[in-house]
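query.txt (compact mmCIF, C-alpha atoms) appears below.
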```txt
# COMPACT_ATOMS: atom_id res chain seq x y z
CA MET A 1 -44.31 -2.49 -75.09
CA ASN A 2 -43.20 -6.09 -74.68
CA SER A 3 -40.11 -6.96 -76.66
CA PRO A 4 -40.22 -9.94 -79.03
CA PRO A 5 -37.97 -12.14 -76.82
CA ARG A 6 -40.18 -11.42 -73.84
CA LEU A 7 -43.30 -12.16 -75.84
CA ALA A 8 -41.76 -15.44 -77.00
CA ALA A 9 -40.97 -16.36 -73.40
CA ILE A 10 -44.53 -15.50 -72.35
CA ILE A 11 -45.92 -17.68 -75.12
CA VAL A 12 -43.74 -20.60 -73.99
CA VAL A 13 -44.77 -20.15 -70.35
CA VAL A 14 -48.46 -19.99 -71.27
CA VAL A 15 -48.26 -23.16 -73.40
CA LEU A 16 -46.31 -25.03 -70.70
CA ALA A 17 -48.87 -23.95 -68.11
CA GLN A 18 -51.66 -25.13 -70.39
CA VAL A 19 -50.27 -28.62 -70.99
CA ALA A 20 -48.70 -29.20 -67.58
CA ILE A 21 -50.94 -27.49 -65.03
CA LEU A 22 -54.35 -26.96 -66.53
CA ASP A 23 -54.40 -30.49 -67.85
CA VAL A 24 -54.57 -31.71 -64.26
CA ILE A 25 -57.32 -29.35 -63.21
CA ARG A 26 -60.36 -30.16 -65.33
CA VAL A 27 -64.07 -29.76 -64.85
CA GLN A 28 -66.22 -32.37 -66.60
CA GLY A 29 -63.10 -33.33 -68.56
CA THR A 30 -62.60 -29.76 -69.82
CA ALA A 31 -59.82 -27.32 -69.01
CA PRO A 32 -59.63 -23.54 -69.66
CA ASN A 33 -57.64 -22.48 -72.70
CA LEU A 34 -54.84 -20.11 -71.73
CA VAL A 35 -53.86 -19.62 -75.35
CA PHE A 36 -57.25 -18.06 -76.08
CA VAL A 37 -56.86 -15.85 -73.02
CA LEU A 38 -53.42 -14.75 -74.20
CA ALA A 39 -54.68 -14.03 -77.72
CA ALA A 40 -57.66 -12.07 -76.38
CA VAL A 41 -55.65 -10.01 -73.89
CA ALA A 42 -52.91 -9.39 -76.48
CA GLY A 43 -55.52 -8.18 -78.94
CA LEU A 44 -57.08 -5.92 -76.32
CA THR A 45 -53.77 -4.36 -75.30
CA ALA A 46 -51.81 -4.32 -78.55
CA GLY A 47 -54.39 -4.28 -81.32
CA SER A 48 -55.74 -6.70 -83.90
CA GLU A 49 -52.56 -7.36 -85.82
CA ARG A 50 -50.40 -8.16 -82.81
CA GLY A 51 -53.25 -10.07 -81.19
CA ALA A 52 -53.57 -12.23 -84.32
CA ILE A 53 -49.82 -12.85 -84.54
CA ILE A 54 -49.47 -13.69 -80.83
CA GLY A 55 -52.56 -15.89 -80.95
CA PHE A 56 -51.27 -17.70 -84.04
CA SER A 57 -47.84 -18.29 -82.49
CA ALA A 58 -49.18 -19.55 -79.18
CA GLY A 59 -51.82 -21.67 -80.91
CA PHE A 60 -49.20 -23.19 -83.21
CA LEU A 61 -46.96 -24.09 -80.28
CA LEU A 62 -49.89 -25.62 -78.39
CA ASP A 63 -50.86 -27.68 -81.45
CA LEU A 64 -47.33 -29.08 -81.53
CA ALA A 65 -47.38 -29.78 -77.78
CA SER A 66 -50.73 -31.56 -77.82
CA PHE A 67 -52.23 -34.02 -80.28
CA THR A 68 -54.51 -31.69 -82.15
CA PRO A 69 -53.96 -31.17 -85.87
CA VAL A 70 -51.24 -28.56 -86.37
CA GLY A 71 -52.82 -25.34 -87.50
CA LEU A 72 -56.20 -25.88 -85.83
CA GLY A 73 -55.45 -24.04 -82.61
CA ALA A 74 -53.28 -21.54 -84.47
CA MET A 75 -56.15 -20.51 -86.75
CA SER A 76 -58.66 -20.27 -83.91
CA ALA A 77 -56.35 -18.24 -81.68
CA ALA A 78 -55.39 -15.90 -84.55
CA LEU A 79 -59.06 -15.14 -85.14
CA ILE A 80 -59.60 -14.59 -81.40
CA GLY A 81 -56.67 -12.18 -81.20
CA TYR A 82 -57.86 -10.24 -84.22
CA ALA A 83 -61.42 -10.02 -82.92
CA ALA A 84 -60.27 -8.88 -79.46
CA GLY A 85 -58.25 -6.11 -81.14
CA ALA A 86 -61.38 -5.02 -82.93
CA VAL A 87 -63.19 -4.89 -79.56
CA GLN A 88 -60.42 -2.68 -78.24
CA GLY A 89 -60.78 -0.36 -81.20
CA ALA A 90 -64.53 -0.10 -80.63
CA THR A 91 -64.31 0.50 -76.90
CA VAL A 92 -64.69 4.08 -75.78
CA ARG A 93 -63.76 3.59 -72.15
CA SER A 94 -61.58 0.82 -70.81
CA SER A 95 -62.57 -1.17 -67.76
CA ARG A 96 -60.87 -3.73 -65.52
CA LEU A 97 -63.66 -6.12 -66.39
CA LEU A 98 -63.09 -5.80 -70.13
CA PRO A 99 -60.18 -8.31 -70.29
CA ILE A 100 -62.13 -10.76 -68.12
CA GLY A 101 -65.26 -10.51 -70.24
CA THR A 102 -63.32 -10.67 -73.48
CA ALA A 103 -61.32 -13.70 -72.30
CA ALA A 104 -64.54 -15.46 -71.26
CA VAL A 105 -66.21 -14.82 -74.60
CA ALA A 106 -62.97 -15.80 -76.35
CA GLY A 107 -63.08 -19.13 -74.49
CA VAL A 108 -66.60 -19.92 -75.64
CA VAL A 109 -66.16 -18.73 -79.21
CA GLY A 110 -62.67 -20.19 -79.55
CA THR A 111 -63.84 -23.62 -78.40
CA LEU A 112 -66.69 -23.62 -80.88
CA LEU A 113 -64.36 -22.43 -83.65
CA GLU A 114 -61.84 -25.14 -82.87
CA VAL A 115 -64.51 -27.84 -82.92
CA GLY A 116 -66.00 -26.44 -86.12
CA PHE A 117 -62.68 -26.32 -87.92
CA GLY A 118 -61.88 -29.76 -86.52
CA ALA A 119 -65.11 -31.16 -87.97
CA VAL A 120 -64.11 -29.79 -91.37
CA VAL A 121 -60.84 -31.72 -91.23
CA GLY A 122 -62.59 -34.90 -90.09
CA ARG A 123 -62.36 -34.88 -86.30
CA GLU A 124 -65.22 -36.34 -84.28
CA VAL A 125 -67.54 -33.86 -82.68
CA ASP A 126 -69.28 -34.22 -79.33
CA THR A 127 -73.03 -33.87 -79.08
CA ASN A 128 -74.42 -30.35 -79.00
CA ALA A 129 -75.12 -30.40 -75.26
CA GLN A 130 -71.66 -31.67 -74.36
CA LEU A 131 -70.02 -29.19 -76.70
CA LEU A 132 -71.94 -26.25 -75.28
CA LEU A 133 -71.12 -27.30 -71.74
CA ALA A 134 -67.44 -27.61 -72.62
CA ALA A 135 -67.44 -24.17 -74.26
CA LEU A 136 -69.07 -22.61 -71.20
CA ILE A 137 -66.57 -24.25 -68.87
CA VAL A 138 -63.70 -22.95 -70.99
CA GLY A 139 -65.26 -19.47 -71.00
CA ALA A 140 -65.69 -19.42 -67.24
CA GLY A 141 -62.16 -20.70 -66.64
CA ASN A 142 -60.73 -18.20 -69.09
CA GLY A 143 -62.47 -15.35 -67.34
CA LEU A 144 -60.96 -16.42 -64.02
CA LEU A 145 -57.46 -16.69 -65.50
CA ALA A 146 -57.55 -13.46 -67.48
CA PRO A 147 -56.11 -11.25 -64.67
CA LEU A 148 -53.05 -13.52 -64.51
CA VAL A 149 -52.38 -13.15 -68.20
CA VAL A 150 -52.98 -9.40 -68.02
CA ALA A 151 -50.32 -9.21 -65.31
CA LEU A 152 -47.99 -11.34 -67.42
CA LEU A 153 -48.38 -9.09 -70.43
CA ARG A 154 -48.03 -5.87 -68.48
CA ASP A 155 -45.09 -3.80 -69.72
CA PRO A 156 -42.34 -4.25 -67.09
CA THR A 157 -40.70 -0.89 -67.92
CA PRO A 158 -41.28 1.48 -64.96
CA SER A 159 -43.63 4.36 -65.77
CA ARG A 160 -40.95 7.04 -65.16
CA THR A 161 -38.65 5.30 -67.64
CA ARG A 162 -41.47 5.12 -70.15
CA ALA A 163 -42.08 8.84 -69.69
CA ARG A 164 -38.38 9.63 -70.20
CA ILE A 165 -38.35 7.54 -73.39
CA ALA A 166 -41.43 9.36 -74.57
CA GLY A 167 -39.65 12.66 -74.04
CA TRP A 168 -41.86 13.95 -71.21
CA MET B 1 -54.65 7.57 -96.76
CA ALA B 2 -52.84 6.50 -93.61
CA PRO B 3 -56.00 5.37 -91.70
CA ALA B 4 -57.12 3.14 -94.66
CA ARG B 5 -53.66 1.59 -94.88
CA SER B 6 -53.54 1.00 -91.15
CA ALA B 7 -57.00 -0.70 -91.30
CA ARG B 8 -55.94 -2.91 -94.24
CA ARG B 9 -52.74 -4.18 -92.72
CA PRO B 10 -54.23 -6.15 -89.76
CA ARG B 11 -56.72 -7.74 -92.15
CA PHE B 12 -53.94 -8.67 -94.53
CA THR B 13 -51.98 -10.15 -91.64
CA LEU B 14 -55.02 -12.14 -90.50
CA VAL B 15 -55.61 -13.55 -93.98
CA LEU B 16 -51.95 -14.50 -94.21
CA LEU B 17 -52.09 -16.25 -90.85
CA ILE B 18 -55.25 -18.15 -91.79
CA LEU B 19 -53.73 -19.29 -95.07
CA THR B 20 -50.64 -20.40 -93.17
CA SER B 21 -52.84 -22.36 -90.73
CA ILE B 22 -54.63 -24.10 -93.58
CA THR B 23 -51.29 -24.96 -95.16
CA LEU B 24 -50.07 -26.37 -91.84
CA LEU B 25 -53.26 -28.45 -91.50
CA SER B 26 -52.73 -29.90 -94.97
CA LEU B 27 -49.08 -30.65 -94.28
CA ASP B 28 -49.94 -32.25 -90.93
CA HIS B 29 -52.60 -34.41 -92.57
CA SER B 30 -50.05 -35.56 -95.14
CA GLY B 31 -47.55 -36.47 -92.43
CA VAL B 32 -44.84 -34.13 -93.64
CA GLY B 33 -41.46 -34.78 -92.00
CA PRO B 34 -40.55 -31.28 -90.66
CA LEU B 35 -43.83 -30.90 -88.80
CA ASP B 36 -43.46 -34.33 -87.21
CA SER B 37 -39.90 -33.45 -86.23
CA ALA B 38 -41.07 -30.14 -84.77
CA ARG B 39 -43.76 -31.92 -82.80
CA ARG B 40 -41.29 -34.45 -81.45
CA ALA B 41 -38.94 -31.65 -80.45
CA VAL B 42 -41.68 -29.76 -78.62
CA LEU B 43 -42.93 -32.90 -76.91
CA SER B 44 -39.41 -33.74 -75.78
CA VAL B 45 -39.46 -30.46 -73.84
CA THR B 46 -43.04 -30.44 -72.62
CA SER B 47 -43.34 -34.11 -71.67
CA PRO B 48 -40.77 -34.02 -68.83
CA VAL B 49 -42.26 -30.79 -67.53
CA ARG B 50 -45.71 -32.27 -67.74
CA GLY B 51 -44.58 -35.41 -65.97
CA PHE B 52 -42.88 -33.48 -63.18
CA VAL B 53 -45.76 -31.09 -62.65
CA GLY B 54 -48.21 -33.96 -62.87
CA ASP B 55 -46.42 -35.83 -60.09
CA VAL B 56 -46.33 -32.73 -57.92
CA LEU B 57 -49.94 -31.79 -58.55
CA SER B 58 -51.47 -35.28 -58.64
CA PRO B 59 -52.84 -35.08 -55.06
CA VAL B 60 -54.40 -31.74 -55.94
CA GLY B 61 -55.68 -33.14 -59.19
CA GLY B 62 -57.22 -36.11 -57.40
CA LEU B 63 -58.97 -33.91 -54.85
CA TRP B 64 -60.18 -31.59 -57.57
CA SER B 65 -61.44 -34.47 -59.64
CA ARG B 66 -63.35 -35.93 -56.70
CA ALA B 67 -64.77 -32.53 -55.79
CA THR B 68 -66.00 -31.75 -59.29
CA SER B 69 -67.29 -35.12 -60.39
CA SER B 70 -68.30 -37.13 -57.30
CA GLY B 71 -71.94 -37.04 -58.28
CA ASP B 72 -71.07 -38.36 -61.68
CA LEU B 73 -69.10 -41.32 -60.37
CA ALA B 74 -72.15 -43.11 -59.00
CA GLU B 75 -74.04 -42.54 -62.23
CA GLU B 76 -71.05 -43.66 -64.28
CA ASN B 77 -70.77 -46.76 -62.09
CA GLU B 78 -74.40 -47.65 -62.70
CA GLN B 79 -74.01 -47.08 -66.39
CA LEU B 80 -70.90 -49.26 -66.52
CA ARG B 81 -72.68 -52.05 -64.61
CA ALA B 82 -75.53 -51.95 -67.10
CA GLU B 83 -73.06 -52.07 -70.00
CA VAL B 84 -71.24 -55.03 -68.47
CA GLU B 85 -74.53 -56.92 -68.10
CA GLU B 86 -75.44 -56.17 -71.67
CA LEU B 87 -72.04 -57.32 -72.90
CA ARG B 88 -72.32 -60.54 -70.88
CA GLY B 89 -75.67 -61.22 -72.52
CA GLU B 90 -74.21 -60.52 -75.95
CA LEU B 91 -71.30 -62.83 -75.24
CA ALA B 92 -73.65 -65.62 -74.18
CA ARG B 93 -75.72 -65.14 -77.32
CA GLU B 94 -72.60 -65.21 -79.46
CA ASP B 95 -71.36 -68.36 -77.75
CA SER B 96 -74.72 -69.95 -78.42
CA ALA B 97 -74.68 -68.78 -82.04
CA ALA B 98 -71.14 -70.12 -82.48
CA ALA B 99 -72.17 -73.50 -81.08
CA THR B 100 -75.23 -73.58 -83.36
CA LEU B 101 -73.09 -72.71 -86.35
CA GLU B 102 -70.63 -75.46 -85.50
CA GLN B 103 -73.49 -77.93 -85.14
CA LEU B 104 -74.96 -76.80 -88.45
CA LEU B 105 -71.63 -77.13 -90.23
CA ASP B 106 -71.14 -80.60 -88.76
CA GLU B 107 -74.60 -81.74 -89.74
CA VAL B 108 -74.83 -80.34 -93.24
CA ASP B 109 -71.49 -81.68 -94.36
CA ILE B 110 -72.82 -84.62 -96.36
CA PRO B 111 -70.45 -85.98 -98.98
CA TYR B 112 -72.50 -89.05 -99.94
CA VAL B 113 -75.30 -87.06 -101.63
CA SER B 114 -73.14 -84.42 -103.19
CA SER B 115 -74.83 -84.92 -106.55
CA LEU B 116 -78.34 -84.43 -105.18
CA ASP B 117 -80.15 -81.26 -104.18
CA THR B 118 -80.93 -80.93 -100.50
CA VAL B 119 -82.77 -78.46 -98.26
CA THR B 120 -81.38 -77.77 -94.83
CA ALA B 121 -83.93 -77.41 -92.07
CA ARG B 122 -83.80 -76.87 -88.35
CA VAL B 123 -85.37 -79.43 -86.02
CA VAL B 124 -88.06 -77.54 -84.18
CA GLY B 125 -89.96 -80.27 -82.39
CA GLY B 126 -89.94 -83.83 -81.15
CA PRO B 127 -92.65 -86.51 -81.59
CA VAL B 128 -96.03 -85.06 -82.45
CA ALA B 129 -97.96 -88.06 -81.11
CA ASN B 130 -97.63 -90.37 -78.11
CA THR B 131 -96.75 -93.23 -80.35
CA GLY B 132 -94.21 -93.39 -83.12
CA ALA B 133 -90.75 -91.97 -83.57
CA SER B 134 -90.84 -88.61 -85.34
CA LEU B 135 -89.42 -85.13 -85.56
CA GLU B 136 -90.62 -81.80 -86.89
CA ILE B 137 -88.53 -79.54 -89.09
CA ASP B 138 -89.07 -75.93 -90.10
CA LYS B 139 -89.21 -76.39 -93.86
CA GLY B 140 -92.00 -77.83 -95.96
CA SER B 141 -93.54 -77.91 -99.39
CA ALA B 142 -92.72 -74.27 -99.99
CA ALA B 143 -89.05 -75.29 -100.00
CA GLY B 144 -89.66 -78.19 -102.38
CA ILE B 145 -90.07 -80.94 -99.78
CA ARG B 146 -92.54 -83.69 -100.63
CA GLU B 147 -93.91 -86.60 -98.68
CA GLY B 148 -91.76 -89.68 -98.87
CA MET B 149 -88.48 -87.84 -99.45
CA ALA B 150 -85.44 -89.05 -97.53
CA VAL B 151 -84.19 -86.96 -94.64
CA ILE B 152 -80.55 -87.27 -93.74
CA SER B 153 -77.83 -85.86 -91.55
CA SER B 154 -74.05 -86.02 -91.79
CA GLY B 155 -74.21 -89.42 -90.07
CA GLY B 156 -76.70 -91.02 -92.38
CA LEU B 157 -80.38 -91.69 -92.97
CA VAL B 158 -82.65 -90.16 -90.36
CA GLY B 159 -86.03 -90.98 -91.81
CA SER B 160 -88.51 -89.87 -94.44
CA VAL B 161 -90.98 -87.03 -94.79
CA ASP B 162 -94.34 -88.13 -93.44
CA VAL B 163 -96.35 -84.93 -93.79
CA ALA B 164 -95.23 -81.82 -95.69
CA ALA B 165 -97.05 -78.59 -94.87
CA PRO B 166 -95.94 -75.38 -96.56
CA ARG B 167 -93.56 -74.37 -93.79
CA ARG B 168 -93.31 -77.43 -91.57
CA SER B 169 -92.73 -81.12 -92.13
CA THR B 170 -93.06 -84.16 -89.94
CA ILE B 171 -90.34 -86.75 -90.29
CA ARG B 172 -90.86 -90.41 -89.57
CA LEU B 173 -87.64 -91.68 -88.08
CA ILE B 174 -85.99 -94.90 -89.22
CA THR B 175 -86.61 -96.35 -85.77
CA ASP B 176 -90.36 -95.94 -86.15
CA ALA B 177 -92.12 -99.30 -86.16
CA GLY B 178 -93.71 -98.58 -89.52
CA PHE B 179 -90.52 -97.60 -91.30
CA ARG B 180 -89.16 -99.81 -94.07
CA VAL B 181 -86.33 -99.26 -96.52
CA GLY B 182 -84.48 -101.45 -99.03
CA VAL B 183 -80.85 -101.86 -98.05
CA ARG B 184 -77.58 -103.15 -99.28
CA VAL B 185 -75.10 -104.71 -96.90
CA ASP B 186 -71.44 -104.41 -97.64
CA GLU B 187 -72.28 -103.33 -101.18
CA THR B 188 -73.48 -106.76 -102.21
CA LEU B 189 -76.22 -108.29 -100.09
CA LEU B 190 -79.73 -106.96 -100.44
CA GLY B 191 -82.41 -106.90 -97.80
CA ILE B 192 -85.11 -104.92 -95.99
CA CYS B 193 -84.52 -102.72 -92.95
CA VAL B 194 -87.39 -102.08 -90.54
CA GLY B 195 -87.75 -99.96 -87.46
CA GLN B 196 -88.64 -101.57 -84.15
CA GLY B 197 -89.66 -98.52 -82.13
CA ALA B 198 -88.08 -95.40 -80.79
CA GLY B 199 -84.81 -96.14 -79.07
CA ASP B 200 -84.58 -99.70 -80.42
CA LEU B 201 -82.08 -101.01 -82.92
CA LEU B 202 -83.08 -101.51 -86.54
CA ARG B 203 -83.69 -104.98 -87.88
CA VAL B 204 -82.46 -106.08 -91.28
CA GLU B 205 -83.73 -109.20 -92.98
CA LEU B 206 -81.65 -110.77 -95.74
CA SER B 207 -81.38 -114.07 -97.54
CA VAL B 208 -78.49 -116.24 -96.59
CA ASP B 209 -75.50 -116.36 -98.91
CA ALA B 210 -72.79 -118.61 -97.61
CA SER B 211 -70.18 -116.89 -99.76
CA LYS B 212 -71.03 -113.55 -98.29
CA PRO B 213 -71.65 -113.82 -94.60
CA ILE B 214 -72.76 -110.73 -92.68
CA GLU B 215 -70.41 -109.69 -89.96
CA GLU B 216 -70.54 -107.24 -87.14
CA ASP B 217 -69.49 -103.65 -87.91
CA MET B 218 -70.54 -103.94 -91.53
CA VAL B 219 -72.28 -100.77 -92.76
CA ILE B 220 -75.67 -100.96 -94.42
CA THR B 221 -76.78 -98.39 -96.98
CA THR B 222 -79.90 -97.67 -99.00
CA SER B 223 -80.08 -99.93 -102.03
CA GLY B 224 -81.68 -97.43 -104.41
CA LEU B 225 -83.11 -100.23 -106.52
CA GLU B 226 -85.90 -99.68 -109.01
CA ARG B 227 -89.01 -98.33 -107.30
CA SER B 228 -87.08 -97.63 -104.13
CA LEU B 229 -88.19 -94.50 -102.32
CA PHE B 230 -84.66 -93.43 -101.50
CA PRO B 231 -81.58 -92.77 -103.60
CA ALA B 232 -78.78 -95.31 -103.37
CA GLY B 233 -75.78 -95.09 -101.10
CA ILE B 234 -77.16 -93.32 -98.00
CA PRO B 235 -75.57 -94.90 -94.90
CA ILE B 236 -78.11 -96.24 -92.43
CA GLY B 237 -76.32 -98.06 -89.65
CA ARG B 238 -73.70 -100.52 -88.49
CA VAL B 239 -74.35 -104.19 -87.80
CA THR B 240 -74.13 -105.03 -84.11
CA SER B 241 -75.24 -108.67 -84.16
CA VAL B 242 -76.26 -111.38 -86.65
CA SER B 243 -78.57 -114.38 -86.32
CA ILE B 244 -79.87 -117.00 -88.72
CA ALA B 245 -83.44 -118.22 -88.89
CA GLU B 246 -84.28 -121.80 -88.10
CA ASP B 247 -84.82 -122.60 -91.75
CA GLY B 248 -81.28 -121.55 -92.49
CA LEU B 249 -82.38 -119.49 -95.47
CA THR B 250 -82.84 -116.12 -93.81
CA GLN B 251 -80.52 -114.16 -91.64
CA PHE B 252 -81.25 -111.24 -89.43
CA ALA B 253 -79.01 -108.41 -88.36
CA LEU B 254 -79.51 -105.84 -85.65
CA VAL B 255 -78.28 -102.46 -86.78
CA GLU B 256 -77.40 -99.39 -84.81
CA PRO B 257 -78.31 -96.18 -86.67
CA LEU B 258 -75.38 -94.01 -87.66
CA ALA B 259 -77.37 -90.76 -87.57
CA ASP B 260 -77.98 -89.00 -84.29
CA LEU B 261 -81.74 -89.26 -84.04
CA GLU B 262 -82.21 -87.47 -80.76
CA GLY B 263 -79.74 -84.61 -80.64
CA ALA B 264 -79.86 -83.41 -84.23
CA GLY B 265 -80.28 -79.67 -84.61
CA PHE B 266 -80.28 -79.48 -88.40
CA LEU B 267 -81.31 -82.02 -91.01
CA ASN B 268 -81.35 -82.18 -94.77
CA ALA B 269 -84.25 -83.24 -96.91
CA VAL B 270 -83.07 -84.84 -100.16
CA LEU B 271 -85.04 -83.36 -103.03
CA TRP B 272 -85.20 -86.59 -104.96
CA VAL B 273 -88.21 -88.52 -106.15
CA PRO B 274 -88.00 -91.99 -107.69
CA PRO B 275 -87.98 -91.92 -111.49
CA THR B 276 -91.34 -93.00 -112.89
```
Represent the supplied structure as structure tokens.
Amino acid sequence: MNSPPRLAAIIVVVVLAQVAILDVIRVQGTAPNLVFVLAAVAGLTAGSERGAIIGFSAGFLLDLASFTPVGLGAMSAALIGYAAGAVQGATVRSSRLLPIGTAAVAGVVGTLLEVGFGAVVGREVDTNAQLLLAALIVGAGNGLLAPLVVALLRDPTPSRTRARIAGW
Amino acid sequence: MAPARSARRPRFTLVLLILTSITLLSLDHSGVGPLDSARRAVLSVTSPVRGFVGDVLSPVGGLWSRATSSGDLAEENEQLRAEVEELRGELAREDSAAATLEQLLDEVDIPYVSSLDTVTARVVGGPVANTGASLEIDKGSAAGIREGMAVISSGGLVGSVDVAAPRRSTIRLITDAGFRVGVRVDETLLGICVGQGAGDLLRVELSVDASKPIEEDMVITTSGLERSLFPAGIPIGRVTSVSIAEDGLTQFALVEPLADLEGAGFLNAVLWVPPT
């Protein structure tokens, strides 16, 4: 299990990567959302509660680092993390494609959630076609980046050490 | 019991996080100090990183941008060209409107008939016949204009209403050969002013008064005497030359109209009829 300091470091790295790297690489003016990927993968691996907390923390930090209203990204990512944890609970058999699919869906849904919440607080909304295109681009990008985040979140403790700790 | 408790706790956590998010949104909207400070602190860390990474990755970013949006650039270019053309047209229309407004303001500023009602009309046409000096304006009887009423501009008397249709009127200019108006010269001498044809100076005929000689540059105005068709005090023109008839009893003055009779864009019809 990732320790809190390690999780905090991962959150910082993800947010820095989002604002520094992904900002440069855009398609039709839209970039993938690594925070949604992190929230989704955290929910899948650690459950709804942790997924929500990690999503909220990363979303809050991203809100501070960008110019979105503080709390907007945090709320969307918390919901994504919670929902991904629910998917994990409902899944009978895990698959390597599950994190990719979940991250992609999280990108689409998270983008729509963010825009919807933003509209409630008075932000301008793109037209339906532009919004849908942006959501799909985020979903596709998220799916491609999901394996990276999975690797980042993987428990670094060697398996033999984990077994010794578990008393095997 | 344990499974129900374990199911409730994530939901409770989620609700707590959502309420916290809503609180943060409200605080951010209100511009609360700590949040602004937190944002500045985070930006102070991320901005340098962003700048450095941006510089390093800018060639990649440029290539990526060209690869993913090259087809859009041509379309965007066309769209921008069309917008520029439209804006140029708008600018030209606004310049024209501004010039028209300035002309209107210049021509409707008429202090000498401040006590009389007037109707402002736009000049919409020149002479309606091959002979005579006239103009057409876009107001008529529906606006209260009647035949015979004086028509003026900021410079002075332009003419009188010849024909008044509901929405159009024809104005006989003061230079028209058939135009006649009673005048006062230098506030004291009385005479008759007649037109001599389009483009020609006006001719004023007065009796000679040795104590009050007419001189060049004197201004003549409408006399407004009993049965006069025009109210008193409307400037007509400035004396350019004076001559005396052979009998020595009559003097004549040539007068240059003060009003711009050819370039006027707006005129005012004075809604005044002689008292009966």
task: Return the single residue from B:Glu85, B:Asp55, B:Glu256, B:Glu215 that is closest to chain A, with distances computed using only C-alpha atoms.
output: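 Selected residue with least distance to chain A: B:Asp55.
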Test item: residues at most 9 Å from range 36-44 of chain A, all atoms listed in the file, excluding those fewer than 6 positions along its chain, as a VMD selection string: chain A and resid 11 14 50 to 56 58 to 59 76 to 89 98 to 100 102 to 104 106 to 107 110 to 111 142 to 143 145 to 146 149 to 150 153
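Closest approach to Gly159 in chain B from the set B:Gly263, B:Pro275, B:Gly140, B:Pro257 is made by B:Pro257, with distances taken over all atoms listed in the file.
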- request: Considering only C-alpha atoms, state which residue in the set B:Val163, B:Arg8, B:Asp217, B:Leu17 is at the smallest distance from chain A.
  value: B:Leu17
message: So, with only C-alpha atoms as the atoms that count, which of B:Leu14, B:Val119, B:Ala142, B:Ala253 lies closest to Trp272 in chain B?
response: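 Of B:Leu14, B:Val119, B:Ala142, B:Ala253, the one nearest Trp272 in chain B, counting only C-alpha atoms, is B:Val119.
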Atom pair CA of Thr118 in chain B / CA of Gly182 in chain B: separation (Å):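 Here the two named atoms are 20.9 Å from each other.
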message: Just want the 9 Å neighbourhood of Ala264 in chain B, counted on only C-alpha atoms, with same-chain residues fewer than 3 positions away dropped. Output as a PyMOL selection string.
response: chain B and resi 103+107+122-123+153+259-261+267
Each residue of chain B lying at most 9 Å from chain A should get a row with its shortest atom-to-atom pair and the distance in Å to one decimal, counting only C-alpha atoms; could you produce that, ordered by chain and increasing number, as a Markdown table?
```
| residue | atom | partner | partner_atom | distance |
| --- | --- | --- | --- | --- |
| B:Arg9 | CA | A:Glu49 | CA | 7.6 |
| B:Pro10 | CA | A:Glu49 | CA | 4.4 |
| B:Arg11 | CA | A:Glu49 | CA | 7.6 |
| B:Phe12 | CA | A:Glu49 | CA | 8.9 |
| B:Thr13 | CA | A:Glu49 | CA | 6.5 |
| B:Leu14 | CA | A:Ala52 | CA | 6.3 |
| B:Leu17 | CA | A:Phe56 | CA | 7.0 |
| B:Ile18 | CA | A:Met75 | CA | 5.6 |
| B:Leu19 | CA | A:Met75 | CA | 8.8 |
| B:Thr20 | CA | A:Gly71 | CA | 7.8 |
| B:Ser21 | CA | A:Gly71 | CA | 4.4 |
| B:Ile22 | CA | A:Gly71 | CA | 6.5 |
| B:Thr23 | CA | A:Gly71 | CA | 7.8 |
| B:Leu24 | CA | A:Gly71 | CA | 5.2 |
| B:Leu25 | CA | A:Gly71 | CA | 5.1 |
| B:Ser26 | CA | A:Gly71 | CA | 8.8 |
| B:Leu27 | CA | A:Val70 | CA | 8.5 |
| B:Asp28 | CA | A:Val70 | CA | 6.0 |
| B:His29 | CA | A:Pro69 | CA | 7.6 |
| B:Leu35 | CA | A:Val70 | CA | 8.1 |
| B:Asp36 | CA | A:Leu64 | CA | 8.6 |
| B:Ala38 | CA | A:Leu64 | CA | 7.1 |
| B:Arg39 | CA | A:Leu64 | CA | 4.7 |
| B:Arg40 | CA | A:Leu64 | CA | 8.1 |
| B:Ala41 | CA | A:Leu64 | CA | 8.8 |
| B:Val42 | CA | A:Ala65 | CA | 5.8 |
| B:Leu43 | CA | A:Ala65 | CA | 5.5 |
| B:Val45 | CA | A:Ala65 | CA | 8.9 |
| B:Thr46 | CA | A:Leu16 | CA | 6.6 |
| B:Ser47 | CA | A:Ala20 | CA | 8.3 |
| B:Val49 | CA | A:Ala20 | CA | 6.6 |
| B:Arg50 | CA | A:Ala20 | CA | 4.3 |
| B:Gly51 | CA | A:Ala20 | CA | 7.6 |
| B:Phe52 | CA | A:Ala20 | CA | 8.5 |
| B:Val53 | CA | A:Ala20 | CA | 6.0 |
| B:Gly54 | CA | A:Ala20 | CA | 6.7 |
| B:Leu57 | CA | A:Val24 | CA | 7.4 |
| B:Ser58 | CA | A:Val24 | CA | 7.3 |
| B:Val60 | CA | A:Ile25 | CA | 8.2 |
| B:Gly61 | CA | A:Val24 | CA | 5.4 |
| B:Gly62 | CA | A:Val24 | CA | 8.6 |
| B:Trp64 | CA | A:Ile25 | CA | 6.7 |
| B:Ser65 | CA | A:Arg26 | CA | 7.2 |
| B:Thr68 | CA | A:Val27 | CA | 6.2 |
| B:Ser69 | CA | A:Gln28 | CA | 6.9 |
```
Residue contacts of range 233-250 of chain B (6 Å, only C-alpha atoms) excluding same-chain residues fewer than 2 positions away, as a PyMOL selection string: chain B and resi 156-157+206-208+216-222+252-258
- request: Please determine the residues with any atom at most 8 Å from (-86.0, -77.6, -104.3) (coordinates as given in the file, with all atoms listed in the file counting) and report them as a ChimeraX atom specification.
  value: /B:117-119,143-145,271
